Amino acid sequence: MNLVWSDQGKVTTVHTVAEQVNIYDAKTNLSKLIERVEAGEEIVIARSGRPVAHLVPVPRRPNRSPGSLRGRITIAPDYDASDAELADLMEDGATFPDEPGPQ
């Protein structure tokens, strides 16, 4: 699917028709078909004229580098401070919310 701007400034969707190849041709020319898919084409593989598979490009993930978020994420200074109420609930609290805890 391609997005195209019309003269009125609105976005219009245009569906491109994928080329259809039979299984024998797909097996014979798989490397060439993969190159075309990598270039952005979509290809349908058919058995006896009935589509059975759709070759589409895998979306590219952006390159990530270690430390790219340095300075943009902060951790609270007390993130690992003990919480007496939470410790009591974990040690002495009820196993299930509807049950009373050990006394």
# chains A, B, ... in the order shown; residues from 1 in each chain; ligands from 1
>>> residues_around(residues="Ile45 in chain A", least_positions_apart="4", cutoff="12 Å", atoms="only C-alpha atoms", output="PyMOL selection string")
chain A and resi 18-27+29-30+33+49-56
>>> write_last_selection(atoms="C-alpha atoms", output="tab-separated table (two decimals), in the first residue's frame")
chain	number	residue	atom	x	y	z
A	18	ALA	CA	1.48	-7.91	-6.05
A	19	GLU	CA	2.92	-10.08	-8.80
A	20	GLN	CA	1.80	-13.70	-8.62
A	21	VAL	CA	4.20	-16.56	-9.38
A	22	ASN	CA	3.61	-20.30	-9.26
A	23	ILE	CA	5.45	-22.54	-6.80
A	24	TYR	CA	7.77	-24.02	-9.44
A	25	ASP	CA	8.90	-20.55	-10.58
A	26	ALA	CA	9.27	-19.44	-6.96
A	27	LYS	CA	11.54	-22.41	-6.18
A	29	ASN	CA	13.98	-18.10	-8.84
A	30	LEU	CA	13.84	-17.75	-5.06
A	33	LEU	CA	12.39	-13.00	-5.75
A	49	GLY	CA	-3.57	-20.27	-9.57
A	50	ARG	CA	-4.70	-20.08	-5.91
A	51	PRO	CA	-2.60	-17.79	-3.68
A	52	VAL	CA	-0.97	-19.71	-0.83
A	53	ALA	CA	1.86	-17.43	0.36
A	54	HIS	CA	2.71	-13.73	0.40
A	55	LEU	CA	6.35	-12.57	0.31
A	56	VAL	CA	6.67	-9.13	1.91
>>> atom_distance(atom1="CA of Ser82 in chain A", atom2="CA of Pro97 in chain A")
22.5 Å
>>> atom_distance(atom1="CA of Asp80 in chain A", atom2="CA of Ser65 in chain A")
27.4 Å
>>> select_by_dssp(residues="range 14-86 of chain A", states="strand (DSSP E or B)", output="NGL selection string")
:A and (14 or 19-22 or 43-47 or 50-55)
>>> closest_residue(among="A:Asp78, A:Ala94, A:Glu38, A:Ser31", to="Arg60 in chain A", atoms="only C-alpha atoms")
A:Glu38
